[in-house]
Each structure stands twice: as structure tokens, then as C-alpha cells.
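Right, one structure below, let's go through it.
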Protein chains: 2
Amino acid sequence: MQIEPVVDSTFDYLFKFTQEQVQAFADLTGDNNPIHLDAEYAATTSFKKPIIHGMLGATVFTKVLGTQFPGFGSIYLKQTLEFLRPMFVETEYKAIFKIISINPDKHIAEISTEIMDVTTKKVTTRGVATMINQEKF
Amino acid sequence: MQIEPVVDSTFDYLFKFTQEQVQAFADLTGDNNPIHLDAEYAATTSFKKPIIHGMLGATVFTKVLGTQFPGFGSIYLKQTLEFLRPMFVETEYKAIFKIISINPDKHIAEISTEIMDVTTKKVTTRGVATMINQEKF
């Protein structure tokens, strides 16, 4: 007998970040690397303009996984992150979640997590989340 | 000929978080899962009290890697994260960084990243960072 999970198998979430959010993340975490904050410095690098902290981009995963898919009651066990391309402020991104596998005995799922630039369709961040949720898996 | 890296092979960093910082992370990211914010709800869970967002704990990695070890000029390529034990506010933690390998041709290093509870000596978060730094590696 195949057990159907009580969540859909995929979930998409559109988002963008502002420079104010990048500054707030820098203030909160202490990561004030000028590549994220200083447009003049960033202009001297191969990126040409400030890039978002990779970890700030990845916070969309904890937000969606913790509050929407699968949502409340979830506990994060693992997350892998590959920062494939830079992310920029005021740019529309889509986070794409796909359930890879569910272990119903342990209530644990592996979920593919990806961030895609909505305009270019290129993937900026890729990884796999492992979540436990007693009610959803 | 063995090339000596221009950074030490290990780095430690002591830190703690406040409930205000947890709230700021929730506000910034939108991850308002009550397990992090609501003491009454958290009391009904196996954790008994609010736990820090795993990703907030992991921001110590981006902070130290981006600003101190190896520091400015670093670009994050990958980070794996295992959230082994819950983390709490007003608790002293130590982040421990150890260089695993350096590829001097590509200026890329793999760095073991760990968070340890200073009192219990238990590891709460474990992973590996992959960083590029043209000057340091």
C-alpha cells in the first residue's frame, strides 16, 4: 500500500530582497563584507554591483519550510547549499520546493530547494533540505 | 614544494544570541514559526522553550568566513548544514573553523564549520563550507 503524503509534492514562492534587507541582515549577523554593502567596492569586482549574502538568499528556505511547506511543526535537520550564481537586490526570484522522498516511519522528508531568477530562468542557489514534521510526513 | 596557506588552519569565535535577535531574524526572513518565538507554544514541545532558527545559528558561518577567516574577498560557493541539537538564546556558543583542504590553483578551500555549546561541549550544528578567496588560498 502506498501512503500518500498530506502535503503537495511541489511548492513555489516568489520573492525579492531590498538593499535595506541586505543591510539589516549585515547588521543582525555582523557579516559586513563590502561585496554586499559597498557599491563602489563591488564595482571593482567581477560582480560589478553588490551581491546579496548567499545565506540571506537561503533564508527563503527556512521561511517557506518553517511556515508554509510543510509549515508549522517542522524541524530542520539538514540543509545543503550551493551558491551557483550571485543574487542581487530588487530582482524577482522564485524558490522551488520538490519533495524527493518521505520516510513515514520517522516523519522525515528530503526536499529539493532551488532559487531561480524569474527573468533569466537561471538557478542561483540549489540544495536539499531534510525536515521532520510529525503531522505532515 | 609545499605551499603554505596565508591563513591559520583553525579559527574559533565565541557568540550568543538574544531573543531580540531571534525576533529580528523572524521579521527579516518571514520565518515566524512559533517554535522560535512563542514560549507558551514551545513549552508544549519536546524542546520545552523556544529554539533559535537553525539558519540564524548558521549565520555565524557567513559572518566569520566573510569578515574574519578567511575574511574580505571571500565568496561562498557551498555550505552543508546539519542541525544536530537545538540552540537557545542567552547561551554561549563557540564556532570552530578548520581548513580541510586548499586548492591553490583555484583559490578554493574546504573548511569544516561547527558550533559547540561552550558549557556542555556538545555540537549543535555541523557542516562544511567551500570558499573561494583569490588572495588567501
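Each chain of the C-alpha cells is named A, B, ... in the order shown, its residues numbered from 1; ligands are numbered from 1 in display order.
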
- Nearby residues (only C-alpha atoms) at most 7 Å from Ile111 (chain A), same-chain spacing under 5 positions excluded, as a VMD selection string: chain A and resid 97 to 100 128 to 130

Saved selection, atoms kept: C-alpha atoms, as a compact mmCIF listing (two decimals), in the first residue's frame:
# COMPACT_ATOMS: atom_id res chain seq x y z
CA PHE A 97 10.48 23.13 -3.45
CA LYS A 98 10.06 19.50 -4.52
CA ILE A 99 9.67 16.55 -2.22
CA ILE A 100 12.34 13.98 -3.09
CA VAL A 128 18.43 19.72 -0.32
CA ALA A 129 16.55 20.24 2.94
CA THR A 130 15.83 17.44 5.39

Superposed chain A (on chain B, all in-order C-alpha pairs) as a PDB file with C-alpha atoms, in the first residue's frame:
ATOM      1  CA  MET A   1      57.174  21.856  -2.698  1.00  0.00           C
ATOM      2  CA  GLN A   2      54.396  22.373  -0.222  1.00  0.00           C
ATOM      3  CA  ILE A   3      52.622  25.701  -0.442  1.00  0.00           C
ATOM      4  CA  GLU A   4      51.748  27.201   2.926  1.00  0.00           C
ATOM      5  CA  PRO A   5      48.367  28.910   3.023  1.00  0.00           C
ATOM      6  CA  VAL A   6      48.394  32.513   4.184  1.00  0.00           C
ATOM      7  CA  VAL A   7      45.714  31.865   6.792  1.00  0.00           C
ATOM      8  CA  ASP A   8      45.922  29.845  10.002  1.00  0.00           C
ATOM      9  CA  SER A   9      44.396  26.398   9.786  1.00  0.00           C
ATOM     10  CA  THR A  10      41.849  26.938  12.559  1.00  0.00           C
ATOM     11  CA  PHE A  11      39.782  29.788  13.972  1.00  0.00           C
ATOM     12  CA  ASP A  12      37.406  29.955  16.948  1.00  0.00           C
ATOM     13  CA  TYR A  13      34.684  32.528  17.562  1.00  0.00           C
ATOM     14  CA  LEU A  14      32.541  32.913  20.690  1.00  0.00           C
ATOM     15  CA  PHE A  15      28.990  34.221  20.367  1.00  0.00           C
ATOM     16  CA  LYS A  16      25.474  34.182  21.757  1.00  0.00           C
ATOM     17  CA  PHE A  17      22.078  35.307  20.513  1.00  0.00           C
ATOM     18  CA  THR A  18      19.336  37.273  22.266  1.00  0.00           C
ATOM     19  CA  GLN A  19      15.583  36.798  21.855  1.00  0.00           C
ATOM     20  CA  GLU A  20      15.568  40.241  20.209  1.00  0.00           C
ATOM     21  CA  GLN A  21      17.928  38.903  17.515  1.00  0.00           C
ATOM     22  CA  VAL A  22      15.694  35.864  17.005  1.00  0.00           C
ATOM     23  CA  GLN A  23      12.731  38.225  16.577  1.00  0.00           C
ATOM     24  CA  ALA A  24      14.743  40.393  14.143  1.00  0.00           C
ATOM     25  CA  PHE A  25      15.634  37.305  12.100  1.00  0.00           C
ATOM     26  CA  ALA A  26      11.967  36.252  12.073  1.00  0.00           C
ATOM     27  CA  ASP A  27      10.917  39.749  10.963  1.00  0.00           C
ATOM     28  CA  LEU A  28      13.590  39.934   8.264  1.00  0.00           C
ATOM     29  CA  THR A  29      13.077  36.472   6.796  1.00  0.00           C
ATOM     30  CA  GLY A  30       9.376  35.965   7.482  1.00  0.00           C
ATOM     31  CA  ASP A  31      10.108  32.714   9.345  1.00  0.00           C
ATOM     32  CA  ASN A  32       7.720  33.254  12.254  1.00  0.00           C
ATOM     33  CA  ASN A  33       7.411  29.552  13.169  1.00  0.00           C
ATOM     34  CA  PRO A  34       6.159  29.726  16.794  1.00  0.00           C
ATOM     35  CA  ILE A  35       8.774  27.217  17.945  1.00  0.00           C
ATOM     36  CA  HIS A  36      11.216  30.158  17.734  1.00  0.00           C
ATOM     37  CA  LEU A  37       9.039  32.939  19.121  1.00  0.00           C
ATOM     38  CA  ASP A  38       6.242  31.681  21.362  1.00  0.00           C
ATOM     39  CA  ALA A  39       7.362  30.441  24.787  1.00  0.00           C
ATOM     40  CA  GLU A  40       3.908  29.047  25.612  1.00  0.00           C
ATOM     41  CA  TYR A  41       3.794  27.040  22.385  1.00  0.00           C
ATOM     42  CA  ALA A  42       7.407  25.912  22.785  1.00  0.00           C
ATOM     43  CA  ALA A  43       6.599  24.650  26.298  1.00  0.00           C
ATOM     44  CA  THR A  44       4.222  22.105  24.693  1.00  0.00           C
ATOM     45  CA  THR A  45       7.012  20.672  22.512  1.00  0.00           C
ATOM     46  CA  SER A  46       9.899  18.365  23.330  1.00  0.00           C
ATOM     47  CA  PHE A  47      12.194  21.406  23.382  1.00  0.00           C
ATOM     48  CA  LYS A  48      10.299  22.969  26.360  1.00  0.00           C
ATOM     49  CA  LYS A  49      11.451  26.483  25.407  1.00  0.00           C
ATOM     50  CA  PRO A  50      11.912  28.476  22.178  1.00  0.00           C
ATOM     51  CA  ILE A  51      14.779  27.369  19.948  1.00  0.00           C
ATOM     52  CA  ILE A  52      16.812  29.602  17.671  1.00  0.00           C
ATOM     53  CA  HIS A  53      16.228  29.237  13.930  1.00  0.00           C
ATOM     54  CA  GLY A  54      18.900  26.775  12.749  1.00  0.00           C
ATOM     55  CA  MET A  55      19.671  29.146   9.888  1.00  0.00           C
ATOM     56  CA  LEU A  56      20.176  32.034  12.318  1.00  0.00           C
ATOM     57  CA  GLY A  57      22.756  29.958  14.192  1.00  0.00           C
ATOM     58  CA  ALA A  58      24.407  29.176  10.864  1.00  0.00           C
ATOM     59  CA  THR A  59      24.737  32.879  10.038  1.00  0.00           C
ATOM     60  CA  VAL A  60      27.803  32.865  12.310  1.00  0.00           C
ATOM     61  CA  PHE A  61      29.475  30.947   9.485  1.00  0.00           C
ATOM     62  CA  THR A  62      28.821  33.616   6.842  1.00  0.00           C
ATOM     63  CA  LYS A  63      29.858  36.328   9.313  1.00  0.00           C
ATOM     64  CA  VAL A  64      33.201  34.777  10.281  1.00  0.00           C
ATOM     65  CA  LEU A  65      34.013  33.397   6.826  1.00  0.00           C
ATOM     66  CA  GLY A  66      33.103  36.685   5.151  1.00  0.00           C
ATOM     67  CA  THR A  67      34.839  39.038   7.552  1.00  0.00           C
ATOM     68  CA  GLN A  68      37.524  37.242   9.585  1.00  0.00           C
ATOM     69  CA  PHE A  69      38.536  33.767   8.445  1.00  0.00           C
ATOM     70  CA  PRO A  70      39.492  33.912   5.631  1.00  0.00           C
ATOM     71  CA  GLY A  71      37.746  37.322   5.554  1.00  0.00           C
ATOM     72  CA  PHE A  72      37.147  40.025   2.967  1.00  0.00           C
ATOM     73  CA  GLY A  73      37.358  38.948  -0.639  1.00  0.00           C
ATOM     74  CA  SER A  74      35.783  35.594   0.145  1.00  0.00           C
ATOM     75  CA  ILE A  75      32.940  34.296  -1.957  1.00  0.00           C
ATOM     76  CA  TYR A  76      30.750  31.490  -0.656  1.00  0.00           C
ATOM     77  CA  LEU A  77      30.451  28.527  -3.005  1.00  0.00           C
ATOM     78  CA  LYS A  78      28.836  25.878  -0.813  1.00  0.00           C
ATOM     79  CA  GLN A  79      27.726  25.196   2.744  1.00  0.00           C
ATOM     80  CA  THR A  80      26.364  21.982   4.199  1.00  0.00           C
ATOM     81  CA  LEU A  81      24.476  22.192   7.494  1.00  0.00           C
ATOM     82  CA  GLU A  82      23.415  19.516   9.942  1.00  0.00           C
ATOM     83  CA  PHE A  83      21.245  20.838  12.758  1.00  0.00           C
ATOM     84  CA  LEU A  84      22.145  18.216  15.372  1.00  0.00           C
ATOM     85  CA  ARG A  85      20.774  19.794  18.534  1.00  0.00           C
ATOM     86  CA  PRO A  86      18.579  22.818  19.334  1.00  0.00           C
ATOM     87  CA  MET A  87      20.194  26.171  20.068  1.00  0.00           C
ATOM     88  CA  PHE A  88      18.834  28.583  22.649  1.00  0.00           C
ATOM     89  CA  VAL A  89      19.108  32.309  23.355  1.00  0.00           C
ATOM     90  CA  GLU A  90      21.449  33.684  26.029  1.00  0.00           C
ATOM     91  CA  THR A  91      23.644  30.606  25.712  1.00  0.00           C
ATOM     92  CA  GLU A  92      27.346  30.802  24.972  1.00  0.00           C
ATOM     93  CA  TYR A  93      28.433  29.025  21.804  1.00  0.00           C
ATOM     94  CA  LYS A  94      31.740  28.610  20.038  1.00  0.00           C
ATOM     95  CA  ALA A  95      32.036  28.400  16.267  1.00  0.00           C
ATOM     96  CA  ILE A  96      35.053  26.338  15.258  1.00  0.00           C
ATOM     97  CA  PHE A  97      36.567  26.581  11.782  1.00  0.00           C
ATOM     98  CA  LYS A  98      39.188  24.159  10.454  1.00  0.00           C
ATOM     99  CA  ILE A  99      40.653  24.166   6.992  1.00  0.00           C
ATOM    100  CA  ILE A 100      40.170  20.711   5.477  1.00  0.00           C
ATOM    101  CA  SER A 101      41.797  21.276   2.092  1.00  0.00           C
ATOM    102  CA  ILE A 102      43.048  24.061  -0.167  1.00  0.00           C
ATOM    103  CA  ASN A 103      43.198  24.029  -3.956  1.00  0.00           C
ATOM    104  CA  PRO A 104      45.749  26.817  -4.652  1.00  0.00           C
ATOM    105  CA  ASP A 105      45.166  26.699  -8.429  1.00  0.00           C
ATOM    106  CA  LYS A 106      41.498  27.548  -7.992  1.00  0.00           C
ATOM    107  CA  HIS A 107      41.973  29.550  -4.738  1.00  0.00           C
ATOM    108  CA  ILE A 108      39.288  27.381  -3.157  1.00  0.00           C
ATOM    109  CA  ALA A 109      39.276  25.924   0.356  1.00  0.00           C
ATOM    110  CA  GLU A 110      37.031  23.473   2.137  1.00  0.00           C
ATOM    111  CA  ILE A 111      36.532  24.502   5.744  1.00  0.00           C
ATOM    112  CA  SER A 112      34.890  22.433   8.480  1.00  0.00           C
ATOM    113  CA  THR A 113      32.347  24.586  10.356  1.00  0.00           C
ATOM    114  CA  GLU A 114      30.976  23.586  13.734  1.00  0.00           C
ATOM    115  CA  ILE A 115      29.013  25.211  16.549  1.00  0.00           C
ATOM    116  CA  MET A 116      29.591  23.878  20.063  1.00  0.00           C
ATOM    117  CA  ASP A 117      27.750  24.712  23.292  1.00  0.00           C
ATOM    118  CA  VAL A 118      30.551  26.117  25.443  1.00  0.00           C
ATOM    119  CA  THR A 119      29.093  24.678  28.666  1.00  0.00           C
ATOM    120  CA  THR A 120      28.032  21.200  27.562  1.00  0.00           C
ATOM    121  CA  LYS A 121      30.711  20.845  24.849  1.00  0.00           C
ATOM    122  CA  LYS A 122      28.052  19.305  22.600  1.00  0.00           C
ATOM    123  CA  VAL A 123      28.000  20.125  18.899  1.00  0.00           C
ATOM    124  CA  THR A 124      24.749  21.767  17.814  1.00  0.00           C
ATOM    125  CA  THR A 125      25.490  22.449  14.141  1.00  0.00           C
ATOM    126  CA  ARG A 126      28.011  20.875  11.812  1.00  0.00           C
ATOM    127  CA  GLY A 127      28.904  21.371   8.189  1.00  0.00           C
ATOM    128  CA  VAL A 128      31.469  22.135   5.551  1.00  0.00           C
ATOM    129  CA  ALA A 129      31.942  25.485   3.816  1.00  0.00           C
ATOM    130  CA  THR A 130      33.545  25.854   0.406  1.00  0.00           C
ATOM    131  CA  MET A 131      35.017  29.320  -0.154  1.00  0.00           C
ATOM    132  CA  ILE A 132      36.961  31.025  -2.932  1.00  0.00           C
ATOM    133  CA  ASN A 133      39.428  33.743  -1.953  1.00  0.00           C
ATOM    134  CA  GLN A 134      41.900  34.920  -4.586  1.00  0.00           C
ATOM    135  CA  GLU A 135      44.347  36.345  -2.040  1.00  0.00           C
ATOM    136  CA  LYS A 136      44.169  33.930   0.868  1.00  0.00           C
ATOM    137  CA  PHE A 137      44.109  30.505  -0.805  1.00  0.00           C
TER     138      PHE A 137
END

Where in chain B does DSSP assign alpha helix (DSSP H), given as number ranges by chain? B: 19-29, 34-37, 39-43, 54-67

Selection export as a CSV table (one decimal), in the first residue's frame, atoms kept: N, CA and C atoms:
chain,number,residue,atom,x,y,z
B,19,GLN,N,16.9,37.0,22.4
B,19,GLN,CA,15.6,36.8,21.9
B,19,GLN,C,15.2,37.9,20.9
B,20,GLU,N,15.8,39.1,21.1
B,20,GLU,CA,15.6,40.2,20.2
B,20,GLU,C,16.2,39.9,18.8
B,21,GLN,N,17.3,39.3,18.8
B,21,GLN,CA,17.9,38.9,17.5
B,21,GLN,C,17.1,37.8,16.8
B,22,VAL,N,16.6,36.9,17.6
B,22,VAL,CA,15.7,35.9,17.0
B,22,VAL,C,14.5,36.5,16.4
B,23,GLN,N,13.9,37.5,17.1
B,23,GLN,CA,12.7,38.2,16.6
B,23,GLN,C,13.1,39.0,15.3
B,24,ALA,N,14.3,39.6,15.3
B,24,ALA,CA,14.7,40.4,14.2
B,24,ALA,C,14.9,39.5,13.0
B,25,PHE,N,15.5,38.3,13.2
B,25,PHE,CA,15.6,37.3,12.1
B,25,PHE,C,14.3,36.9,11.6
B,26,ALA,N,13.3,36.6,12.5
B,26,ALA,CA,12.0,36.3,12.1
B,26,ALA,C,11.3,37.4,11.2
B,27,ASP,N,11.5,38.6,11.7
B,27,ASP,CA,10.9,39.8,11.0
B,27,ASP,C,11.6,39.9,9.6
B,28,LEU,N,12.9,39.8,9.5
B,28,LEU,CA,13.6,40.0,8.3
B,28,LEU,C,13.3,38.9,7.3
B,29,THR,N,13.2,37.6,7.7
B,29,THR,CA,13.1,36.5,6.8
B,29,THR,C,11.6,36.1,6.6
B,34,PRO,N,6.3,29.4,15.4
B,34,PRO,CA,6.2,29.8,16.8
B,34,PRO,C,7.2,29.0,17.7
B,35,ILE,N,7.8,27.9,17.2
B,35,ILE,CA,8.8,27.2,17.9
B,35,ILE,C,10.0,28.2,18.3
B,36,HIS,N,10.1,29.3,17.5
B,36,HIS,CA,11.2,30.2,17.7
B,36,HIS,C,10.8,31.4,18.6
B,37,LEU,N,9.5,31.7,18.6
B,37,LEU,CA,9.1,33.0,19.1
B,37,LEU,C,8.1,32.9,20.3
B,39,ALA,N,6.9,31.3,23.7
B,39,ALA,CA,7.4,30.5,24.8
B,39,ALA,C,6.3,29.5,25.2
B,40,GLU,N,5.0,29.9,25.2
B,40,GLU,CA,3.9,29.1,25.6
B,40,GLU,C,3.8,27.9,24.7
B,41,TYR,N,3.8,28.2,23.4
B,41,TYR,CA,3.8,27.1,22.4
B,41,TYR,C,5.0,26.1,22.6
B,42,ALA,N,6.2,26.7,22.7
B,42,ALA,CA,7.4,25.9,22.8
B,42,ALA,C,7.4,25.0,24.0
B,43,ALA,N,6.7,25.5,25.1
B,43,ALA,CA,6.6,24.7,26.3
B,43,ALA,C,5.8,23.4,26.1
B,54,GLY,N,17.6,27.4,13.1
B,54,GLY,CA,18.9,26.8,12.7
B,54,GLY,C,19.7,27.6,11.8
B,55,MET,N,19.0,28.3,10.9
B,55,MET,CA,19.7,29.1,9.9
B,55,MET,C,20.2,30.4,10.5
B,56,LEU,N,19.6,30.9,11.6
B,56,LEU,CA,20.2,32.0,12.3
B,56,LEU,C,21.5,31.6,13.0
B,57,GLY,N,21.5,30.5,13.6
B,57,GLY,CA,22.7,30.0,14.2
B,57,GLY,C,23.8,29.9,13.1
B,58,ALA,N,23.4,29.4,11.9
B,58,ALA,CA,24.4,29.2,10.9
B,58,ALA,C,24.9,30.5,10.3
B,59,THR,N,24.2,31.6,10.6
B,59,THR,CA,24.7,32.9,10.0
B,59,THR,C,26.1,33.2,10.6
B,60,VAL,N,26.5,32.6,11.8
B,60,VAL,CA,27.8,32.9,12.3
B,60,VAL,C,28.9,32.4,11.3
B,61,PHE,N,28.5,31.4,10.5
B,61,PHE,CA,29.5,30.9,9.5
B,61,PHE,C,29.7,32.0,8.4
B,62,THR,N,28.6,32.6,7.9
B,62,THR,CA,28.8,33.6,6.8
B,62,THR,C,29.5,34.8,7.4
B,63,LYS,N,29.2,35.1,8.7
B,63,LYS,CA,29.9,36.3,9.3
B,63,LYS,C,31.4,36.1,9.4
B,64,VAL,N,31.8,35.0,10.0
B,64,VAL,CA,33.2,34.8,10.3
B,64,VAL,C,33.9,34.5,9.0
B,65,LEU,N,33.3,33.7,8.1
B,65,LEU,CA,34.0,33.4,6.8
B,65,LEU,C,34.1,34.6,5.9
B,66,GLY,N,33.1,35.5,6.0
B,66,GLY,CA,33.1,36.7,5.2
B,66,GLY,C,33.9,37.8,5.7
B,67,THR,N,34.2,37.8,7.0
B,67,THR,CA,34.8,39.0,7.5
B,67,THR,C,36.1,38.7,8.3

>> Could you pull out the strand (DSSP E or B) residues of chain B, going by DSSP on the backbone, and write them as a ChimeraX atom specification?
In response: /B:10-15,75-83,93-103,108-117,123-132
